[in-house]
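For reference, run.txt is printed below; it contains compact mmCIF, C-alpha atoms and all ligand atoms.
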# COMPACT_ATOMS: atom_id res chain seq x y z
CA GLU A 1 0.00 0.00 0.00
CA HIS A 2 1.62 3.27 -1.14
CA THR A 3 -0.72 5.66 0.68
CA LYS A 4 1.23 7.62 3.30
CA ILE A 5 -0.62 8.52 6.45
CA GLY A 6 0.07 11.27 8.97
CA PHE A 7 -1.58 10.39 12.30
CA ILE A 8 -2.12 12.95 15.08
CA GLY A 9 -3.32 11.94 18.56
CA LEU A 10 -1.91 8.71 19.99
CA GLY A 11 -4.14 8.12 23.00
CA ILE A 12 -6.19 5.11 24.07
CA MET A 13 -7.78 4.98 20.59
CA GLY A 14 -5.11 6.47 18.32
CA THR A 15 -2.33 4.10 19.32
CA PRO A 16 -4.07 0.84 18.41
CA MET A 17 -5.45 2.48 15.23
CA VAL A 18 -1.88 3.30 14.15
CA ARG A 19 -0.87 -0.31 14.86
CA ASN A 20 -3.65 -1.60 12.58
CA LEU A 21 -2.62 0.78 9.78
CA LEU A 22 0.99 -0.40 10.09
CA ALA A 23 -0.12 -4.04 10.08
CA ALA A 24 -2.03 -3.37 6.86
CA GLY A 25 1.15 -2.07 5.24
CA TYR A 26 0.58 1.69 5.40
CA ARG A 27 3.49 3.99 6.11
CA VAL A 28 2.51 6.11 9.10
CA THR A 29 4.17 9.24 10.48
CA ALA A 30 2.79 9.89 13.95
CA PHE A 31 2.62 12.90 16.26
CA ASP A 32 1.30 13.49 19.77
CA LEU A 33 1.99 16.29 22.26
CA ASP A 34 3.33 13.54 24.52
CA PRO A 35 6.68 12.31 23.09
CA ALA A 36 6.40 9.03 25.03
CA ARG A 37 3.33 8.17 22.97
CA VAL A 38 5.20 8.87 19.74
CA LYS A 39 8.05 6.68 20.94
CA SER A 40 5.68 3.84 21.64
CA VAL A 41 4.33 3.67 18.05
CA VAL A 42 7.83 4.15 16.61
CA GLY A 43 8.56 0.89 18.39
CA ASP A 44 5.74 -0.64 16.31
CA GLY A 45 7.21 0.62 13.02
CA ALA A 46 5.78 4.12 12.63
CA GLU A 47 7.94 7.11 11.80
CA GLY A 48 7.95 9.61 14.66
CA ALA A 49 7.27 13.29 14.14
CA SER A 50 8.06 16.06 16.60
CA SER A 51 5.60 18.55 15.10
CA ILE A 52 2.42 18.70 13.05
CA PRO A 53 4.18 19.98 9.90
CA GLU A 54 6.56 17.04 10.12
CA ALA A 55 3.70 14.56 10.43
CA VAL A 56 1.78 16.09 7.55
CA ARG A 57 4.39 17.12 4.99
CA ASP A 58 4.57 13.93 2.88
CA ALA A 59 1.15 12.55 3.77
CA ASP A 60 -1.60 11.65 1.31
CA VAL A 61 -4.03 11.19 4.18
CA VAL A 62 -3.98 12.82 7.63
CA ILE A 63 -5.97 11.26 10.47
CA THR A 64 -6.67 13.18 13.69
CA MET A 65 -7.79 11.47 16.93
CA VAL A 66 -7.65 14.12 19.67
CA PRO A 67 -9.98 14.78 22.63
CA ALA A 68 -12.44 17.50 21.57
CA SER A 69 -13.30 20.49 19.34
CA PRO A 70 -10.66 22.89 20.76
CA GLN A 71 -7.87 20.40 20.00
CA VAL A 72 -9.24 19.71 16.50
CA GLU A 73 -9.30 23.46 15.81
CA GLU A 74 -5.77 23.81 17.10
CA VAL A 75 -4.41 20.83 15.18
CA ILE A 76 -6.22 21.35 11.86
CA LEU A 77 -7.16 25.03 11.57
CA HIS A 78 -4.63 27.08 13.50
CA GLU A 79 -1.34 28.47 12.26
CA GLY A 80 1.19 25.69 11.86
CA GLY A 81 -1.64 23.18 11.60
CA VAL A 82 -2.67 20.45 9.18
CA LEU A 83 -4.38 22.65 6.58
CA GLU A 84 -1.35 24.89 6.34
CA HIS A 85 1.02 22.00 5.63
CA ILE A 86 -0.92 19.24 3.85
CA ARG A 87 -0.47 19.03 0.09
CA ALA A 88 -3.28 20.32 -2.14
CA GLY A 89 -5.59 17.43 -3.00
CA GLY A 90 -4.75 15.69 0.28
CA LEU A 91 -7.39 14.12 2.52
CA VAL A 92 -8.01 14.87 6.21
CA ILE A 93 -10.07 12.38 8.22
CA ASP A 94 -10.97 13.68 11.67
CA MET A 95 -12.00 10.70 13.81
CA SER A 96 -12.30 12.60 17.11
CA SER A 97 -15.79 13.04 18.63
CA ILE A 98 -16.51 16.78 18.38
CA THR A 99 -19.39 19.18 17.80
CA PRO A 100 -20.97 18.87 14.33
CA GLN A 101 -20.46 22.62 13.84
CA THR A 102 -16.68 22.29 14.22
CA SER A 103 -16.68 19.61 11.50
CA VAL A 104 -18.62 21.97 9.23
CA ASP A 105 -16.11 24.77 9.98
CA VAL A 106 -13.19 22.45 9.21
CA ALA A 107 -14.81 21.41 5.92
CA LYS A 108 -15.25 25.05 4.87
CA ALA A 109 -11.64 25.95 5.67
CA ALA A 110 -10.40 22.82 3.88
CA ALA A 111 -12.46 23.49 0.75
CA ALA A 112 -10.83 26.94 0.50
CA LYS A 113 -7.45 25.15 0.35
CA GLY A 114 -8.45 22.40 -2.07
CA VAL A 115 -8.25 19.76 0.66
CA GLN A 116 -10.84 16.99 1.11
CA VAL A 117 -12.15 16.24 4.61
CA LEU A 118 -14.41 13.77 6.35
CA ASP A 119 -15.74 13.70 9.89
CA ALA A 120 -15.45 10.04 10.87
CA PRO A 121 -15.99 9.53 14.60
CA VAL A 122 -16.06 5.99 15.90
CA SER A 123 -17.77 3.69 18.36
CA GLY A 124 -16.56 0.37 19.74
CA GLY A 125 -14.18 1.51 22.45
CA GLU A 126 -10.58 0.53 23.00
CA ALA A 127 -11.40 -3.12 22.21
CA GLY A 128 -12.95 -2.11 18.89
CA ALA A 129 -9.87 -0.04 18.05
CA VAL A 130 -7.48 -2.87 18.95
CA GLU A 131 -9.44 -5.43 16.93
CA GLY A 132 -10.00 -3.04 14.00
CA VAL A 133 -13.77 -3.51 14.17
CA LEU A 134 -14.92 0.02 15.00
CA SER A 135 -18.24 1.36 13.84
CA ILE A 136 -17.37 4.48 11.82
CA MET A 137 -19.98 7.19 11.20
CA VAL A 138 -18.94 9.42 8.35
CA GLY A 139 -19.96 12.90 7.20
CA GLY A 140 -18.85 14.41 3.90
CA GLU A 141 -19.04 13.89 0.16
CA ARG A 142 -19.55 10.45 -1.34
CA GLU A 143 -16.51 10.73 -3.60
CA THR A 144 -14.28 11.47 -0.62
CA PHE A 145 -15.91 8.67 1.37
CA GLU A 146 -15.11 6.22 -1.42
CA ALA A 147 -11.51 7.45 -1.62
CA ALA A 148 -11.16 6.91 2.15
CA ALA A 149 -12.77 3.45 2.15
CA PRO A 150 -9.54 1.36 2.15
CA VAL A 151 -8.08 3.30 5.11
CA LEU A 152 -11.34 3.27 7.07
CA GLY A 153 -11.78 -0.43 6.28
CA THR A 154 -8.49 -1.10 8.06
CA LEU A 155 -9.83 0.49 11.25
CA GLY A 156 -13.46 -0.52 11.31
CA ARG A 157 -16.09 -3.02 10.23
CA THR A 158 -19.35 -1.06 10.03
CA ILE A 159 -18.60 2.06 8.00
CA VAL A 160 -21.50 4.25 6.95
CA LEU A 161 -21.77 7.58 5.12
CA CYS A 162 -24.41 9.37 7.19
CA GLY A 163 -24.75 12.56 5.12
CA PRO A 164 -22.94 15.87 4.54
CA HIS A 165 -20.13 17.31 6.70
CA GLY A 166 -21.03 17.13 10.40
CA SER A 167 -23.47 14.22 9.98
CA GLY A 168 -20.98 11.70 11.30
CA GLN A 169 -20.70 13.79 14.46
CA THR A 170 -24.47 14.05 14.80
CA VAL A 171 -24.78 10.27 14.63
CA LYS A 172 -21.91 9.84 17.10
CA ALA A 173 -23.69 12.21 19.51
CA ALA A 174 -26.78 9.97 19.27
CA ASN A 175 -24.52 6.97 19.91
CA GLN A 176 -23.19 8.57 23.10
CA LEU A 177 -26.72 9.33 24.30
CA ILE A 178 -27.69 5.66 23.94
CA VAL A 179 -24.47 4.44 25.56
CA ALA A 180 -24.71 6.82 28.52
CA VAL A 181 -28.34 5.96 29.30
CA ASN A 182 -27.54 2.27 28.90
CA ILE A 183 -24.56 2.38 31.30
CA GLN A 184 -26.56 4.35 33.84
CA ALA A 185 -29.37 1.78 33.66
CA VAL A 186 -26.89 -1.06 34.12
CA ALA A 187 -25.28 0.81 37.04
CA GLU A 188 -28.65 1.31 38.76
CA ALA A 189 -29.60 -2.33 38.20
CA VAL A 190 -26.26 -3.50 39.64
CA VAL A 191 -26.61 -1.46 42.85
CA PHE A 192 -30.26 -2.53 43.21
CA LEU A 193 -29.30 -6.20 42.78
CA GLU A 194 -26.33 -5.91 45.17
CA LYS A 195 -28.45 -4.32 47.87
CA SER A 196 -31.12 -7.00 47.35
CA GLY A 197 -28.57 -9.74 48.01
CA VAL A 198 -29.08 -11.50 44.67
CA ASP A 199 -26.14 -13.29 42.98
CA LEU A 200 -24.98 -10.45 40.75
CA GLU A 201 -23.06 -12.44 38.17
CA ALA A 202 -25.94 -14.88 37.63
CA ALA A 203 -28.37 -11.98 37.41
CA LEU A 204 -26.32 -10.12 34.80
CA ASP A 205 -25.98 -13.29 32.70
CA VAL A 206 -29.71 -13.88 32.53
CA LEU A 207 -30.39 -10.19 31.93
CA ASN A 208 -27.93 -10.21 29.04
CA GLY A 209 -29.87 -13.05 27.39
CA GLY A 210 -33.10 -11.05 27.24
CA LEU A 211 -34.27 -7.66 26.00
CA ALA A 212 -32.04 -5.96 28.62
CA GLY A 213 -28.97 -7.45 26.97
CA SER A 214 -26.54 -5.02 25.35
CA THR A 215 -22.98 -4.49 24.15
CA VAL A 216 -22.54 -2.24 27.20
CA LEU A 217 -23.56 -5.06 29.55
CA THR A 218 -21.36 -7.59 27.73
CA ARG A 219 -18.28 -5.34 27.65
CA LYS A 220 -18.58 -3.71 31.06
CA LYS A 221 -19.77 -6.67 33.13
CA GLU A 222 -16.35 -7.96 34.19
CA SER A 223 -14.94 -4.55 35.08
CA ILE A 224 -18.06 -3.57 37.05
CA LEU A 225 -18.00 -6.90 38.95
CA ALA A 226 -14.27 -6.42 39.66
CA GLY A 227 -14.62 -2.71 40.51
CA ASP A 228 -11.93 -1.99 37.88
CA PHE A 229 -12.58 1.47 36.49
CA ARG A 230 -9.33 2.08 34.57
CA PRO A 231 -10.17 3.78 31.23
CA GLY A 232 -11.34 2.72 28.50
CA PHE A 233 -13.45 5.71 27.83
CA LYS A 234 -12.86 8.51 30.30
CA ILE A 235 -15.70 10.16 32.21
CA ASP A 236 -14.15 13.50 31.11
CA LEU A 237 -14.69 12.58 27.45
CA HIS A 238 -18.17 11.25 28.09
CA HIS A 239 -19.07 14.51 29.82
CA LYS A 240 -17.82 16.37 26.73
CA ASP A 241 -20.05 14.15 24.54
CA MET A 242 -23.15 14.73 26.68
CA GLY A 243 -22.56 18.47 26.22
CA ILE A 244 -22.38 17.92 22.46
CA VAL A 245 -25.61 15.93 22.26
CA THR A 246 -27.62 18.23 24.53
CA ASP A 247 -26.47 21.31 22.56
CA ALA A 248 -27.03 19.72 19.16
CA ALA A 249 -30.48 18.49 20.21
CA ARG A 250 -31.43 21.96 21.46
CA ASN A 251 -30.31 23.44 18.12
CA VAL A 252 -32.79 21.26 16.23
CA GLY A 253 -35.58 21.33 18.82
CA ALA A 254 -35.28 17.66 19.83
CA ALA A 255 -36.13 16.74 23.44
CA VAL A 256 -33.42 14.68 25.16
CA PRO A 257 -34.58 14.60 28.80
CA ALA A 258 -32.59 11.48 29.71
CA GLY A 259 -29.58 12.98 27.95
CA ALA A 260 -29.87 16.16 30.02
CA LEU A 261 -30.05 14.10 33.21
CA LEU A 262 -27.03 12.04 32.15
CA ALA A 263 -25.07 15.23 31.38
CA GLN A 264 -25.69 16.20 35.03
CA LEU A 265 -24.83 12.77 36.44
CA VAL A 266 -21.65 12.41 34.38
CA GLY A 267 -20.73 15.99 35.35
CA SER A 268 -21.19 15.23 39.04
CA LEU A 269 -18.76 12.31 38.74
CA ARG A 270 -16.17 14.65 37.30
CA GLN A 271 -16.68 17.06 40.18
CA GLN A 272 -16.12 14.18 42.59
CA GLY A 273 -12.74 13.54 41.01
CA ASP A 274 -13.71 10.56 38.83
CA GLY A 275 -13.06 12.29 35.46
CA GLY A 276 -10.11 10.07 34.62
CA LEU A 277 -11.99 6.83 35.31
CA ASP A 278 -13.84 4.70 32.77
CA HIS A 279 -17.48 5.64 32.17
CA SER A 280 -18.54 2.37 33.84
CA ALA A 281 -17.69 4.31 37.04
CA LEU A 282 -21.25 5.66 36.76
CA VAL A 283 -21.90 2.77 39.16
CA ARG A 284 -19.81 4.65 41.76
CA GLY A 285 -22.15 7.60 41.38
CA VAL A 286 -25.18 5.36 41.96
CA ARG A 287 -23.51 3.83 45.03
CA ARG A 288 -22.94 7.31 46.45
CA LEU A 289 -26.57 8.25 45.74
CA SER A 290 -27.48 5.04 47.62
CA GLY A 291 -25.60 6.21 50.71
CA GLU A 292 -22.46 4.12 50.25
P1 LIG B 1 -7.00 10.06 25.03
O1 LIG B 1 -7.12 11.13 26.03
O2 LIG B 1 -6.57 8.70 25.48
O3 LIG B 1 -6.00 10.51 23.85
C1 LIG B 1 -5.99 11.79 23.27
C2 LIG B 1 -4.57 12.03 22.76
O4 LIG B 1 -4.54 13.26 22.03
C3 LIG B 1 -3.55 12.17 23.90
O5 LIG B 1 -2.47 11.27 23.68
C4 LIG B 1 -3.11 13.63 23.82
O6 LIG B 1 -1.77 13.83 24.19
C5 LIG B 1 -3.34 13.93 22.35
N1 LIG B 1 -3.48 15.35 22.05
C6 LIG B 1 -4.29 16.26 22.68
N2 LIG B 1 -4.15 17.47 22.13
C7 LIG B 1 -3.25 17.33 21.12
C8 LIG B 1 -2.68 18.25 20.19
N3 LIG B 1 -3.02 19.54 20.21
N4 LIG B 1 -1.77 17.77 19.31
C9 LIG B 1 -1.41 16.47 19.32
N5 LIG B 1 -1.92 15.54 20.18
C10 LIG B 1 -2.82 16.00 21.07
O7 LIG B 1 -8.41 9.97 24.29
P2 LIG B 1 -9.05 8.74 23.49
O8 LIG B 1 -9.80 7.89 24.44
O9 LIG B 1 -8.02 8.15 22.58
O10 LIG B 1 -10.13 9.54 22.60
C11 LIG B 1 -9.82 10.28 21.44
C12 LIG B 1 -11.12 10.71 20.76
O11 LIG B 1 -11.86 9.53 20.42
C13 LIG B 1 -12.04 11.55 21.66
O12 LIG B 1 -12.73 12.50 20.87
C14 LIG B 1 -13.01 10.51 22.21
O13 LIG B 1 -14.25 11.09 22.59
C15 LIG B 1 -13.14 9.57 21.04
N6 LIG B 1 -13.52 8.18 21.36
C16 LIG B 1 -12.94 7.50 22.41
C17 LIG B 1 -13.32 6.17 22.67
C18 LIG B 1 -12.74 5.37 23.82
O14 LIG B 1 -13.30 4.31 24.14
N7 LIG B 1 -11.64 5.78 24.45
C19 LIG B 1 -14.27 5.56 21.86
C20 LIG B 1 -14.82 6.26 20.78
C21 LIG B 1 -14.43 7.57 20.56

What do you get writing this file as structure tokens?
Ligand code: NAD
Amino acid sequence: EHTKIGFIGLGIMGTPMVRNLLAAGYRVTAFDLDPARVKSVVGDGAEGASSIPEAVRDADVVITMVPASPQVEEVILHEGGVLEHIRAGGLVIDMSSITPQTSVDVAKAAAAKGVQVLDAPVSGGEAGAVEGVLSIMVGGERETFEAAAPVLGTLGRTIVLCGPHGSGQTVKAANQLIVAVNIQAVAEAVVFLEKSGVDLEAALDVLNGGLAGSTVLTRKKESILAGDFRPGFKIDLHHKDMGIVTDAARNVGAAVPAGALLAQLVGSLRQQGDGGLDHSALVRGVRRLSGE
């Protein structure tokens, strides 16, 4: 594969995504603010970059996987950023979860420079990134989507063009709403079952076989039972996503009452110092509400 990829943001998701691109034969030049993270993927065969221009200069495709809208603006739009240094005709795929409006802004700025972009946020968590089976929700033009298909196919399994620029982010916001409500429901059920003295593991197994079953329950069961809340997906990032979905829903006049409640609950966990924990730590919040 001759496509050269510049990859920016080597966190919990970005690092295994780079590994999958390398395994598929892509040449990857990688940058993160944290040099230790760059060093780690260099050990896997990536070229290390010490700046954005260095990561972008020779790239056909640039992928960004950073926390939120401010970092995407900084990395792609600001002086010294991706749009300033990518070659004309290059392709930028932003896979971070950000506000749909930022993706639209990025697309406008890119069009002015003759650069193609897609918003392509993902779902499937760290495990989905490691296994290369992410669900990828894409916004942008069909032609660009088709050009990006081989790269996206290396990272994910369910890859869908959802509509114009920003649509991928809108769908990802809906994804986060469903996930947050689902985890909260699991957390409440767990505390209720624990306090009732029922065998929790047996209960979760039978629940997972019925209509209450879910990917959340399957993936989070072991860590909830073990009380292991290492991230995974940080509460801080989930709080950011609940802000995105409540704002975006307000902009279109959609009611998201459970989403608004979850924004509050996830926010309260952050205030209690749990922002760096996995979002399954919502069960800690329920325990506190239950007087534990
Ligand atoms: P993370 O905090 O583990 O990693 C983010 C990385 O971006 C860090 O290594 C950080 O140093 C780097 N970074 C931040 N600002 C930068 C900048 N200006 N230039 C270069 N690098 C910069 O986060 P993550 O869990 O990998 O999540 C990344 C994105 O993917 C977020 O938008 C998140 O919402 C989304 N996401 C995460 C998961 C998950 O399960 N972790 C799942 C789906 C989507």

Range 35-52 of chain A, all listed atoms, 6 Å padding on each side: what axis-aligned box centre and edge lengths in Å to one decimal come out, as JSON?
{"center_x": 5.5, "center_y": 9.0, "center_z": 18.4, "size_x": 18.1, "size_y": 31.3, "size_z": 25.2}

Enumerate residues in contact with ligand LIG 1 (chain B): an atom-to-atom distance of at most 8 Å, counting only C-alpha atoms and all ligand atoms. Format the result as a ChimeraX atom specification. /A:8-15,31-34,37,52,65-68,71-72,74-75,95-98,121-127,231-234,237-238,240-241

Could you save those same residues with C-alpha atoms as a compact mmCIF listing (two decimals), in the coordinates of the input?
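Result file follows (out.txt):
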# COMPACT_ATOMS: atom_id res chain seq x y z
CA ILE A 8 -2.12 12.95 15.08
CA GLY A 9 -3.32 11.94 18.56
CA LEU A 10 -1.91 8.71 19.99
CA GLY A 11 -4.14 8.12 23.00
CA ILE A 12 -6.19 5.11 24.07
CA MET A 13 -7.78 4.98 20.59
CA GLY A 14 -5.11 6.47 18.32
CA THR A 15 -2.33 4.10 19.32
CA PHE A 31 2.62 12.90 16.26
CA ASP A 32 1.30 13.49 19.77
CA LEU A 33 1.99 16.29 22.26
CA ASP A 34 3.33 13.54 24.52
CA ARG A 37 3.33 8.17 22.97
CA ILE A 52 2.42 18.70 13.05
CA MET A 65 -7.79 11.47 16.93
CA VAL A 66 -7.65 14.12 19.67
CA PRO A 67 -9.98 14.78 22.63
CA ALA A 68 -12.44 17.50 21.57
CA GLN A 71 -7.87 20.40 20.00
CA VAL A 72 -9.24 19.71 16.50
CA GLU A 74 -5.77 23.81 17.10
CA VAL A 75 -4.41 20.83 15.18
CA MET A 95 -12.00 10.70 13.81
CA SER A 96 -12.30 12.60 17.11
CA SER A 97 -15.79 13.04 18.63
CA ILE A 98 -16.51 16.78 18.38
CA PRO A 121 -15.99 9.53 14.60
CA VAL A 122 -16.06 5.99 15.90
CA SER A 123 -17.77 3.69 18.36
CA GLY A 124 -16.56 0.37 19.74
CA GLY A 125 -14.18 1.51 22.45
CA GLU A 126 -10.58 0.53 23.00
CA ALA A 127 -11.40 -3.12 22.21
CA PRO A 231 -10.17 3.78 31.23
CA GLY A 232 -11.34 2.72 28.50
CA PHE A 233 -13.45 5.71 27.83
CA LYS A 234 -12.86 8.51 30.30
CA LEU A 237 -14.69 12.58 27.45
CA HIS A 238 -18.17 11.25 28.09
CA LYS A 240 -17.82 16.37 26.73
CA ASP A 241 -20.05 14.15 24.54

Using only C-alpha atoms, which of the listed residues (A:Leu282, A:Ala248, A:Leu155, A:Ala148) sits closest to Asn182 in chain A? A:Leu282

For Arg284 in chain A, find every residue with an atom within 10 Å (counting only C-alpha atoms), except residues of its own chain fewer than 4 positions away, and show them as a short mmCIF file (atom, residue, chain, number, x, y, z; two decimals) with C-alpha atoms, in the coordinates of the input.
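Result written to out16.cif:
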data_model
loop_
_atom_site.label_atom_id
_atom_site.label_comp_id
_atom_site.auth_asym_id
_atom_site.auth_seq_id
_atom_site.Cartn_x
_atom_site.Cartn_y
_atom_site.Cartn_z
CA ALA A 187 -25.28 0.81 37.04
CA GLU A 188 -28.65 1.31 38.76
CA VAL A 191 -26.61 -1.46 42.85
CA ILE A 224 -18.06 -3.57 37.05
CA GLY A 227 -14.62 -2.71 40.51
CA PHE A 229 -12.58 1.47 36.49
CA LEU A 269 -18.76 12.31 38.74
CA ASP A 274 -13.71 10.56 38.83
CA HIS A 279 -17.48 5.64 32.17
CA SER A 280 -18.54 2.37 33.84
CA ARG A 288 -22.94 7.31 46.45
CA LEU A 289 -26.57 8.25 45.74
CA SER A 290 -27.48 5.04 47.62
CA GLU A 292 -22.46 4.12 50.25
#

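Pairwise distance (CA of Val186 in chain A, CA of Val171 in chain A) equals 22.6 Å.
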
Out of A:Ala46, A:Ala173, A:Leu77, A:Ala111, which residue has the shortest atom-to-atom distance to Arg27 in chain A when counting all atoms listed in the file? A:Ala46

How many Å separate CA of Ile63 in chain A from CA of Phe7 in chain A?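 About the pair CA of Ile63 in chain A and CA of Phe7 in chain A: they are 4.8 Å apart.
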
Taking all atoms listed in the file into account, name the residue in A:Arg157, A:Thr64, A:Ala174, A:Lys108 that is nearest to Ala249 in chain A. A:Ala174

In Å, with one decimal, what is the gap from CA of Leu193 in chain A to CA of Lys221 in chain A?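 These two atoms are separated by 13.6 Å.
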
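Using only C-alpha atoms, the smallest distance between any of A:Gly275, A:Gly259, A:Pro35, A:Pro16 and Leu134 in chain A comes from A:Pro16.
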
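For the choices A:Thr246, A:Gly166, A:Ala88, A:Leu21, the atom-to-atom distance to Val130 in chain A is smallest for A:Leu21 when using only C-alpha atoms.
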
Can you tell me, as a PyMOL selection string, what residues are no more than 12 Å from Val256 in chain A when counting all atoms listed in the file, ignoring any on the same chain fewer than 2 positions away? chain A and resi 173-174+177-178+181+242-254+258-263

Selection as an NGL selection string: residues within 12 Å of (-8.0, 25.5, 1.5), counting only C-alpha atoms: :A and (76-77 or 82-92 or 105-117)

Around (-21.0, 11.7, 4.6), as given in the file, which residues come within 10 Å? Count only C-alpha atoms and list them as a PDB file with C-alpha atoms, keeping the file's coordinate frame.
ATOM      1  CA  VAL A 117     -12.150  16.240   4.610  1.00  0.00           C
ATOM      2  CA  LEU A 118     -14.410  13.770   6.350  1.00  0.00           C
ATOM      3  CA  ASP A 119     -15.740  13.700   9.890  1.00  0.00           C
ATOM      4  CA  ALA A 120     -15.450  10.040  10.870  1.00  0.00           C
ATOM      5  CA  MET A 137     -19.980   7.190  11.200  1.00  0.00           C
ATOM      6  CA  VAL A 138     -18.940   9.420   8.350  1.00  0.00           C
ATOM      7  CA  GLY A 139     -19.960  12.900   7.200  1.00  0.00           C
ATOM      8  CA  GLY A 140     -18.850  14.410   3.900  1.00  0.00           C
ATOM      9  CA  GLU A 141     -19.040  13.890   0.160  1.00  0.00           C
ATOM     10  CA  ARG A 142     -19.550  10.450  -1.340  1.00  0.00           C
ATOM     11  CA  GLU A 143     -16.510  10.730  -3.600  1.00  0.00           C
ATOM     12  CA  THR A 144     -14.280  11.470  -0.620  1.00  0.00           C
ATOM     13  CA  PHE A 145     -15.910   8.670   1.370  1.00  0.00           C
ATOM     14  CA  VAL A 160     -21.500   4.250   6.950  1.00  0.00           C
ATOM     15  CA  LEU A 161     -21.770   7.580   5.120  1.00  0.00           C
ATOM     16  CA  CYS A 162     -24.410   9.370   7.190  1.00  0.00           C
ATOM     17  CA  GLY A 163     -24.750  12.560   5.120  1.00  0.00           C
ATOM     18  CA  PRO A 164     -22.940  15.870   4.540  1.00  0.00           C
ATOM     19  CA  HIS A 165     -20.130  17.310   6.700  1.00  0.00           C
ATOM     20  CA  GLY A 166     -21.030  17.130  10.400  1.00  0.00           C
ATOM     21  CA  SER A 167     -23.470  14.220   9.980  1.00  0.00           C
ATOM     22  CA  GLY A 168     -20.980  11.700  11.300  1.00  0.00           C
TER      23      GLY A 168
END
